[in-house]
Each structure stands twice: as C-alpha cells, then as structure tokens.
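Shown next: run_36.cif, containing mmCIF, C-alpha atoms.
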```cif
data_entry
#
loop_
_atom_site.label_atom_id
_atom_site.label_comp_id
_atom_site.auth_asym_id
_atom_site.auth_seq_id
_atom_site.Cartn_x
_atom_site.Cartn_y
_atom_site.Cartn_z
CA MET Y 1 -89.20 -28.61 -25.65
CA GLN Y 2 -88.46 -29.36 -22.01
CA ARG Y 3 -85.32 -31.27 -22.97
CA LYS Y 4 -84.17 -28.40 -25.13
CA ALA Y 5 -84.66 -25.92 -22.30
CA TYR Y 6 -82.74 -28.15 -19.95
CA VAL Y 7 -79.78 -28.37 -22.30
CA SER Y 8 -79.70 -24.59 -22.66
CA ALA Y 9 -79.73 -24.12 -18.91
CA ALA Y 10 -76.89 -26.60 -18.51
CA ALA Y 11 -74.88 -24.74 -21.14
CA VAL Y 12 -75.44 -21.46 -19.31
CA LEU Y 13 -74.34 -23.02 -16.01
CA LEU Y 14 -71.20 -24.47 -17.61
CA ALA Y 15 -70.31 -21.11 -19.11
CA ALA Y 16 -70.73 -19.43 -15.74
CA VAL Y 17 -68.50 -22.01 -14.07
CA LEU Y 18 -65.84 -21.58 -16.73
CA SER Y 19 -66.06 -17.84 -16.43
CA GLY Y 20 -65.68 -18.09 -12.68
CA CYS Y 21 -62.62 -20.27 -13.01
CA SER Y 22 -61.07 -17.84 -15.42
CA GLY Y 23 -61.70 -14.92 -13.10
CA GLY Y 24 -60.40 -16.87 -10.10
CA SER Y 25 -57.28 -17.74 -11.94
CA GLY Y 26 -56.63 -14.09 -12.64
CA VAL Y 27 -56.94 -13.11 -8.99
CA GLY Y 28 -54.93 -16.07 -7.86
CA GLY Y 29 -52.22 -15.28 -10.42
CA SER Y 30 -51.74 -11.82 -8.99
CA ALA Y 31 -51.00 -13.12 -5.52
CA PRO Y 32 -47.28 -13.87 -6.15
CA ASP Y 33 -46.85 -10.38 -7.63
CA SER Y 34 -48.28 -8.89 -4.50
CA LYS Y 35 -45.02 -9.91 -2.83
CA GLY Y 36 -43.31 -7.95 -5.57
CA GLY Y 37 -40.57 -7.80 -3.07
CA ASP Y 38 -38.28 -10.35 -4.63
CA THR Y 39 -36.27 -7.57 -6.25
CA GLY Y 40 -36.57 -5.29 -3.24
CA THR Y 41 -35.34 -7.86 -0.75
CA THR Y 42 -32.36 -8.97 -2.86
CA ALA Y 43 -29.08 -7.71 -1.35
CA ALA Y 44 -27.51 -4.90 -3.37
CA VAL Y 45 -24.38 -5.89 -5.25
CA ALA Y 46 -21.27 -4.10 -3.92
CA GLN Y 47 -19.76 -1.51 -6.23
CA PRO Y 48 -16.61 -2.39 -8.19
CA GLY Y 49 -13.37 -0.60 -7.34
CA LYS Y 50 -12.31 2.75 -8.73
CA TYR Y 51 -9.41 1.29 -10.67
CA ARG Y 52 -9.74 -1.26 -13.48
CA THR Y 53 -6.12 -1.14 -14.69
CA LEU Y 54 -2.64 -0.44 -13.26
CA PRO Y 55 0.27 1.75 -14.35
CA GLU Y 56 3.32 -0.03 -15.72
CA ALA Y 57 5.61 -0.44 -12.72
CA CYS Y 58 8.86 -0.25 -14.69
CA GLY Y 59 7.74 3.04 -16.22
CA ALA Y 60 6.36 4.55 -13.03
CA ALA Y 61 9.51 6.55 -12.16
CA ASP Y 62 11.26 8.91 -14.56
CA HIS Y 63 15.05 9.07 -15.06
CA ASP Y 64 15.53 12.01 -12.69
CA THR Y 65 13.79 10.13 -9.87
CA LEU Y 66 15.83 7.00 -10.52
CA ASP Y 67 19.06 9.04 -10.60
CA THR Y 68 18.30 10.20 -7.06
CA LEU Y 69 17.32 6.80 -5.71
CA LEU Y 70 20.02 4.86 -7.58
CA PRO Y 71 23.15 7.06 -7.88
CA GLY Y 72 25.09 4.25 -9.52
CA ILE Y 73 23.13 4.74 -12.76
CA GLN Y 74 24.91 8.02 -13.46
CA GLU Y 75 28.27 6.39 -12.76
CA THR Y 76 27.64 3.82 -15.48
CA THR Y 77 29.67 4.79 -18.54
CA ASP Y 78 28.32 2.15 -20.90
CA GLU Y 79 25.21 3.58 -22.56
CA ALA Y 80 23.55 0.21 -23.11
CA GLN Y 81 24.11 -0.81 -19.50
CA GLN Y 82 22.77 2.53 -18.32
CA GLU Y 83 19.57 2.15 -20.33
CA LYS Y 84 19.18 -1.36 -18.95
CA ALA Y 85 19.57 0.00 -15.42
CA TYR Y 86 16.91 2.64 -16.05
CA ALA Y 87 14.52 0.05 -17.50
CA GLY Y 88 14.55 -2.19 -14.44
CA GLU Y 89 13.38 -5.79 -14.47
CA ALA Y 90 9.67 -6.56 -14.52
CA THR Y 91 8.50 -9.14 -12.00
CA LEU Y 92 6.67 -12.20 -13.29
CA THR Y 93 2.91 -11.69 -13.46
CA TYR Y 94 0.09 -13.31 -15.40
CA ASP Y 95 -2.25 -10.31 -15.39
CA THR Y 96 -0.74 -6.82 -15.38
CA ASP Y 97 -4.16 -5.32 -14.71
CA ARG Y 98 -4.21 -7.13 -11.38
CA ARG Y 99 -0.54 -6.94 -10.33
CA ASP Y 100 2.61 -5.38 -11.73
CA GLY Y 101 6.06 -4.94 -10.20
CA CYS Y 102 9.57 -3.87 -11.10
CA ASP Y 103 13.07 -4.31 -9.63
CA TRP Y 104 16.13 -2.08 -9.93
CA LYS Y 105 19.53 -2.91 -8.42
CA VAL Y 106 22.52 -0.68 -9.13
CA ALA Y 107 25.96 -0.50 -7.53
CA SER Y 108 27.96 2.69 -7.17
CA ALA Y 109 31.38 3.44 -5.67
CA ALA Y 110 29.78 4.23 -2.31
CA ALA Y 111 26.96 1.70 -2.03
CA THR Y 112 24.60 -0.76 -3.68
CA ASP Y 113 21.02 0.45 -3.97
CA HIS Y 114 17.95 -1.68 -4.58
CA LEU Y 115 14.45 -0.45 -5.43
CA PHE Y 116 11.28 -2.50 -5.75
CA VAL Y 117 7.86 -1.13 -6.76
CA ASP Y 118 4.69 -3.23 -6.64
CA PHE Y 119 1.13 -2.33 -7.69
CA GLU Y 120 -1.74 -4.59 -6.62
CA ARG Y 121 -5.34 -4.05 -7.73
CA VAL Y 122 -7.63 -5.78 -5.26
CA VAL Y 123 -10.79 -7.48 -6.53
CA SER Y 124 -13.45 -8.88 -4.21
CA TYR Y 125 -15.17 -12.07 -5.33
CA ASP Y 126 -17.92 -11.58 -2.76
CA ASN Y 127 -20.86 -9.65 -4.23
CA THR Y 128 -21.64 -8.20 -0.81
CA VAL Y 129 -18.11 -6.84 -0.27
CA SER Y 130 -16.78 -4.02 -2.45
CA ASP Y 131 -13.32 -4.07 -3.99
CA GLU Y 132 -12.34 -1.10 -1.83
CA ALA Y 133 -13.51 -2.79 1.38
CA LYS Y 134 -11.48 -5.87 0.45
CA ALA Y 135 -8.44 -3.65 -0.21
CA GLU Y 136 -8.88 -2.02 3.21
CA GLU Y 137 -8.86 -5.47 4.79
CA LEU Y 138 -5.70 -6.54 2.93
CA TYR Y 139 -3.95 -3.26 3.73
CA ALA Y 140 -4.77 -3.66 7.44
CA THR Y 141 -3.14 -7.10 7.34
CA LYS Y 142 0.03 -5.64 5.82
CA GLN Y 143 0.20 -2.86 8.39
CA ALA Y 144 -0.31 -5.29 11.26
CA ALA Y 145 2.50 -7.49 9.90
CA ALA Y 146 4.85 -4.48 9.92
CA ASP Y 147 4.42 -4.32 13.71
CA LEU Y 148 4.86 -0.56 13.89
CA PRO Y 149 5.88 0.80 17.29
CA GLU Y 150 3.50 2.92 19.32
CA PRO Y 151 3.98 6.65 18.65
CA ALA Y 152 6.63 8.02 20.99
CA ALA Y 153 5.34 10.23 23.79
CA SER Y 154 6.76 13.72 24.05
CA SER Y 155 9.57 13.98 26.55
CA SER Y 156 9.73 16.60 29.30
CA SER Y 157 13.40 15.95 30.00
CA SER Y 158 15.45 18.95 31.04
CA ALA Y 159 18.07 18.05 28.45
CA SER Y 160 17.60 18.79 24.76
CA THR Y 161 19.17 16.91 21.87
CA SER Y 162 20.36 18.85 18.85
CA ALA Y 163 20.10 17.59 15.29
CA SER Y 164 23.73 16.54 15.43
CA GLY Y 165 23.01 14.29 18.40
CA ASP Y 166 24.86 16.48 20.93
CA VAL Y 167 23.35 16.71 24.37
CA THR Y 168 22.90 20.08 26.04
CA PRO Y 169 24.05 19.77 29.65
CA SER Y 170 21.54 20.52 32.36
CA PRO Y 171 22.25 23.29 34.89
CA SER Y 172 23.77 20.76 37.27
CA GLY Y 173 26.45 20.01 34.69
CA SER Y 174 25.32 16.42 34.02
CA ALA Y 175 24.59 15.23 30.48
CA GLY Y 176 20.83 15.15 30.07
CA GLY Y 177 20.43 14.80 33.81
CA ALA Y 178 22.11 11.40 33.72
CA VAL Y 179 23.69 10.19 36.92
CA ASP Y 180 25.60 7.15 35.77
CA GLY Y 181 29.07 7.94 34.47
CA ASP Y 182 29.37 11.48 35.91
CA ASN Y 183 32.77 12.09 37.47
CA ALA Y 184 33.49 13.91 40.70
CA SER Y 185 34.21 17.21 38.95
CA GLY Y 186 30.73 17.27 37.43
CA ALA Y 187 32.02 17.01 33.86
CA PRO Y 188 29.43 15.47 31.53
CA SER Y 189 29.88 11.86 30.55
CA ALA Y 190 29.43 10.51 27.03
CA PRO Y 191 25.86 10.70 25.70
CA SER Y 192 23.71 7.80 26.79
CA ALA Y 193 22.33 5.25 24.38
CA SER Y 194 18.93 7.00 24.42
CA ALA Y 195 20.52 10.17 23.02
CA SER Y 196 21.68 8.34 19.90
CA ARG Y 197 18.39 6.62 19.16
CA THR Y 198 16.49 7.38 15.96
CA PRO Y 199 14.39 10.54 16.40
CA ALA Y 200 10.67 9.98 16.85
CA ASP Y 201 9.82 11.57 13.49
CA LEU Y 202 11.98 8.96 11.72
CA GLN Y 203 10.60 5.91 13.52
CA PRO Y 204 8.37 3.45 11.60
CA ARG Y 205 4.96 5.12 11.59
CA VAL Y 206 1.62 5.78 9.95
CA LEU Y 207 1.69 8.48 7.25
CA ASP Y 208 -1.14 10.98 7.12
CA ASP Y 209 -0.58 12.66 3.76
CA LEU Y 210 -0.38 9.77 1.32
CA GLY Y 211 -3.30 8.06 -0.42
CA ASP Y 212 -6.28 6.94 1.66
CA GLU Y 213 -3.97 5.34 4.24
CA ALA Y 214 -0.26 4.64 4.42
CA PHE Y 215 2.62 3.58 6.65
CA LEU Y 216 6.41 3.66 6.59
CA ASP Y 217 8.80 1.06 7.99
CA ASP Y 218 12.55 1.53 8.48
CA ARG Y 219 14.90 -1.34 9.32
CA LEU Y 220 18.68 -1.43 9.76
CA ASN Y 221 20.14 -4.91 9.38
CA THR Y 222 23.73 -6.06 9.67
CA GLY Y 223 23.14 -9.51 8.24
CA SER Y 224 25.95 -12.00 7.83
CA SER Y 225 28.51 -9.32 6.96
CA THR Y 226 29.63 -6.28 8.91
CA ALA Y 227 28.07 -3.89 6.36
CA GLN Y 228 24.84 -2.33 7.51
CA GLN Y 229 21.89 -2.42 5.13
CA ARG Y 230 18.94 -0.12 5.65
CA THR Y 231 15.56 -0.88 4.09
CA VAL Y 232 12.80 1.72 3.97
CA THR Y 233 9.36 0.42 3.04
CA VAL Y 234 6.38 2.61 2.17
CA VAL Y 235 2.96 1.02 1.66
CA PHE Y 236 -0.12 3.01 0.75
CA ARG Y 237 -3.67 2.35 -0.43
CA THR Y 238 -5.71 4.40 -2.86
CA SER Y 239 -9.24 3.00 -3.24
CA ASN Y 240 -8.78 -0.62 -4.39
CA VAL Y 241 -5.07 -0.37 -5.29
CA ILE Y 242 -2.24 -1.07 -2.83
CA VAL Y 243 1.27 0.18 -3.66
CA ARG Y 244 4.44 -1.10 -2.01
CA ILE Y 245 7.87 0.54 -2.29
CA GLU Y 246 10.99 -1.11 -0.87
CA TYR Y 247 14.17 0.95 -1.00
CA SER Y 248 17.39 -0.46 0.45
CA GLU Y 249 21.00 0.60 0.54
CA GLN Y 250 24.16 -1.16 1.65
CA PRO Y 251 27.30 1.00 1.83
CA THR Y 252 30.56 -0.31 0.45
CA ALA Y 253 32.40 0.61 3.66
CA SER Y 254 31.43 -1.71 6.48
CA THR Y 255 31.63 1.09 9.03
CA ASP Y 256 29.07 3.29 7.30
CA ALA Y 257 25.34 3.22 7.98
CA PRO Y 258 22.84 4.53 5.41
CA ASP Y 259 21.20 7.80 6.40
CA SER Y 260 17.66 7.18 7.61
CA LYS Y 261 16.22 10.61 6.87
CA GLU Y 262 17.67 10.79 3.38
CA MET Y 263 16.34 7.37 2.42
CA GLN Y 264 12.91 8.02 3.93
CA ASP Y 265 12.63 11.32 2.08
CA ARG Y 266 13.50 9.65 -1.22
CA ALA Y 267 11.04 6.80 -0.71
CA GLN Y 268 8.22 9.14 0.28
CA LYS Y 269 8.81 11.40 -2.72
CA LEU Y 270 8.57 8.39 -5.00
CA ALA Y 271 5.38 7.33 -3.23
CA GLN Y 272 3.87 10.76 -3.91
CA VAL Y 273 4.82 10.43 -7.59
CA LEU Y 274 3.15 7.01 -7.82
CA ALA Y 275 0.03 8.28 -6.05
CA SER Y 276 -0.18 11.10 -8.58
CA ARG Y 277 0.17 8.60 -11.42
CA LEU Y 278 -2.78 6.63 -10.08
CA ASN Y 279 -4.95 9.71 -9.65
CA GLY Y 280 -3.89 11.26 -12.92
#
```
Could you rewrite the structure in this file as structure tokens?
Amino acid sequence: MQRKAYVSAAAVLLAAVLSGCSGGSGVGGSAPDSKGGDTGTTAAVAQPGKYRTLPEACGAADHDTLDTLLPGIQETTDEAQQEKAYAGEATLTYDTDRRDGCDWKVASAAATDHLFVDFERVVSYDNTVSDEAKAEELYATKQAAADLPEPAASSSSSASTSASGDVTPSPSGSAGGAVDGDNASGAPSAPSASASRTPADLQPRVLDDLGDEAFLDDRLNTGSSTAQQRTVTVVFRTSNVIVRIEYSEQPTASTDAPDSKEMQDRAQKLAQVLASRLNG
C-alpha cells in the first residue's frame, strides 16, 4: 500500500512539472511577439512613380505642329516623302515604357530644321527613394549641365532699347549715355555691343509654367562653316518623367541667323503639347 501511494504521488508531481513547463513555454513564446515591432520598425517602401508608360514620341506632335516647326515638309511635293517626313525616325530603344525618342530633319529653301523629342521614365531601384525623387535628382543634373546664366538684373540706364534694337539717345545727345565714339558735334555713335545683345527674356533660363520644373537653353553656333545654327533646348519634368526637346535651324544663307524668339516660342508650344499629352 505504501509503495502504491508513493507511485501515485510521483505521478502527480510529474504531471505538475509537465504542466508547469507547458505554461512556461507559453509565456516564454509570447516574449518575441511583445516586440511586435518588427513590422513597425521596417522602413516604408517608397511609392512608385505616377507614370508607368510613355507616349509614342514619333506620334507626340500632330501635322499642324510639325508644319510650323519644320516648314520644309509643306514644300515636299512627293506624297510618300512627305509622309515619311511627318513620321520621323524612332530612336533605338529596348523598352519604350522606359525611354522613347524621335528625330525629324527636313530641309526647305530657306533653312534646314531638325527636331528631336525624348521621353524618359525614371525608375528608382532603391526602395527608400521614390521614382519621383530620383527623377528630381536626374533633372537637377541636367539643369546644372546646361550652365544657365544668372537672371539678368534690371537696368536703370537712362537709355532705352526698342524692340528693333534702336537706342533712344539720352538728353545729352549720346547713344545710351555712351562716351566712347561720340564725335565733337554730339551726334550719337553706332549702338554699342551691349545694345545688340539678346534681351533678358530670351536668355537661357528656368521656366515657371511648364510641368513640375523646366528650363530653356538657347545656343547660336557657327561651327566649321559660316552658316549660323541656333539650337533651342527645352527640358521639363512631370513627376517621374523627363522630357527633352531639341529644336535647331541652320539657314541656307550664311549671313542669316535664326530668330531666337520665334524658335523659342515654337519649342515652348511643343513642350506644352507634350505636357498635356502626359497629363491627359
């Protein structure tokens, strides 16, 4: 009887121990969950960009727009050649949802015009950096490379320059108050070099009314020949897409220089069309 009681007591003790271990395991198992912060402390993944696809660059401008930018198209009498000129030439790309471009080059009796349009959809491969933030960084690099001049300060000169470039003489009779070159009679000399410079509103500059941010560059190059070629470049960013427009013209006559205002107006109008296409 004593042995039997002993065995029963031992069984009770073993059951209690096992029960205690089971309960301890349950409490101990909840300890890692008490951190529960693994999901809360994980860095949030940056949002993808607004745009997942791109417009077709060669179809981005309609015929009327191309007629204005490339007058030589309307001078082309061969219908097949004209359609080819309108179509442009797509640039080589391996993923049109990431990058797409198109080239047009058309000669007219007065000049040869070249247009290039490029769409780039920026994708960040860093989970902590959004596509838009990466596009902002790339755009800033492009703007810095353009080396835009500082905005011109307003002038308080007593002489005013008309749109035609003529200088209104100051009361003293000198041209724009200039001293050099005035003759003894006080007759105005020829306008100085500063009077013929590009107006401030046509200088390369940041644009305020295009996309999220934009800039315009304007370069006049003579090159190896005497003909002067002007290239107007407009670059703008909308969310995670960067658009680049290069519009150049080289007149047939070597003495002519392409009109800066006309070319800038054309390039900016095209940029507005492309921005609308993106947002539409």
Spatial neighbours of Ala85 in chain Y, max dist 12 Å, only C-alpha atoms, sep filter under 6 positions, as a PyMOL selection string: chain Y and resi 58+63+66-67+70-79+102-107+113-115
Of the residues Y:Ala111, Y:Leu270, Y:Ala46, Y:Ala253, which is the one nearest to Lys134 in chain Y, using only C-alpha atoms? Y:Ala46
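Among the candidates Y:Arg205, Y:Arg244, Y:Lys50, Y:Arg219, the one nearest to Asp259 in chain Y when counting all atoms listed in the file is Y:Arg219.
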Nearby residues (all atoms listed in the file) at most 10 Å from Lys142 in chain Y, same-chain spacing under 6 positions excluded, as JSON, numbers by chain: {"Y": [136, 215, 235]}
Exercise: Thr96 in chain Y partners within 8 Å, all atoms listed in the file, chain neighbours under 3 positions left out, as a PyMOL selection string: chain Y and resi 53-54+56+93+99-100
Evaluate the PyMOL selection byres ((chain Y and resi 131) around 12) against this structure - the residues, as a short mmCIF file (atom, residue, chain, number, x, y, z; two decimals) with C-alpha atoms, in the coordinates of the input, please.
```cif
data_model
loop_
_atom_site.label_atom_id
_atom_site.label_comp_id
_atom_site.auth_asym_id
_atom_site.auth_seq_id
_atom_site.Cartn_x
_atom_site.Cartn_y
_atom_site.Cartn_z
CA VAL Y 45 -24.38 -5.89 -5.25
CA ALA Y 46 -21.27 -4.10 -3.92
CA GLN Y 47 -19.76 -1.51 -6.23
CA PRO Y 48 -16.61 -2.39 -8.19
CA GLY Y 49 -13.37 -0.60 -7.34
CA LYS Y 50 -12.31 2.75 -8.73
CA TYR Y 51 -9.41 1.29 -10.67
CA ARG Y 52 -9.74 -1.26 -13.48
CA GLU Y 120 -1.74 -4.59 -6.62
CA ARG Y 121 -5.34 -4.05 -7.73
CA VAL Y 122 -7.63 -5.78 -5.26
CA VAL Y 123 -10.79 -7.48 -6.53
CA SER Y 124 -13.45 -8.88 -4.21
CA TYR Y 125 -15.17 -12.07 -5.33
CA ASP Y 126 -17.92 -11.58 -2.76
CA ASN Y 127 -20.86 -9.65 -4.23
CA THR Y 128 -21.64 -8.20 -0.81
CA VAL Y 129 -18.11 -6.84 -0.27
CA SER Y 130 -16.78 -4.02 -2.45
CA GLU Y 132 -12.34 -1.10 -1.83
CA ALA Y 133 -13.51 -2.79 1.38
CA LYS Y 134 -11.48 -5.87 0.45
CA ALA Y 135 -8.44 -3.65 -0.21
CA GLU Y 136 -8.88 -2.02 3.21
CA GLU Y 137 -8.86 -5.47 4.79
CA LEU Y 138 -5.70 -6.54 2.93
CA THR Y 238 -5.71 4.40 -2.86
CA SER Y 239 -9.24 3.00 -3.24
CA ASN Y 240 -8.78 -0.62 -4.39
CA VAL Y 241 -5.07 -0.37 -5.29
CA ILE Y 242 -2.24 -1.07 -2.83
#
```
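Of the listed residues (Y:Leu220, Y:Ala275, Y:Thr91, Y:Gln268), Y:Leu220 comes nearest to Asp256 in chain Y; the distances count only C-alpha atoms.
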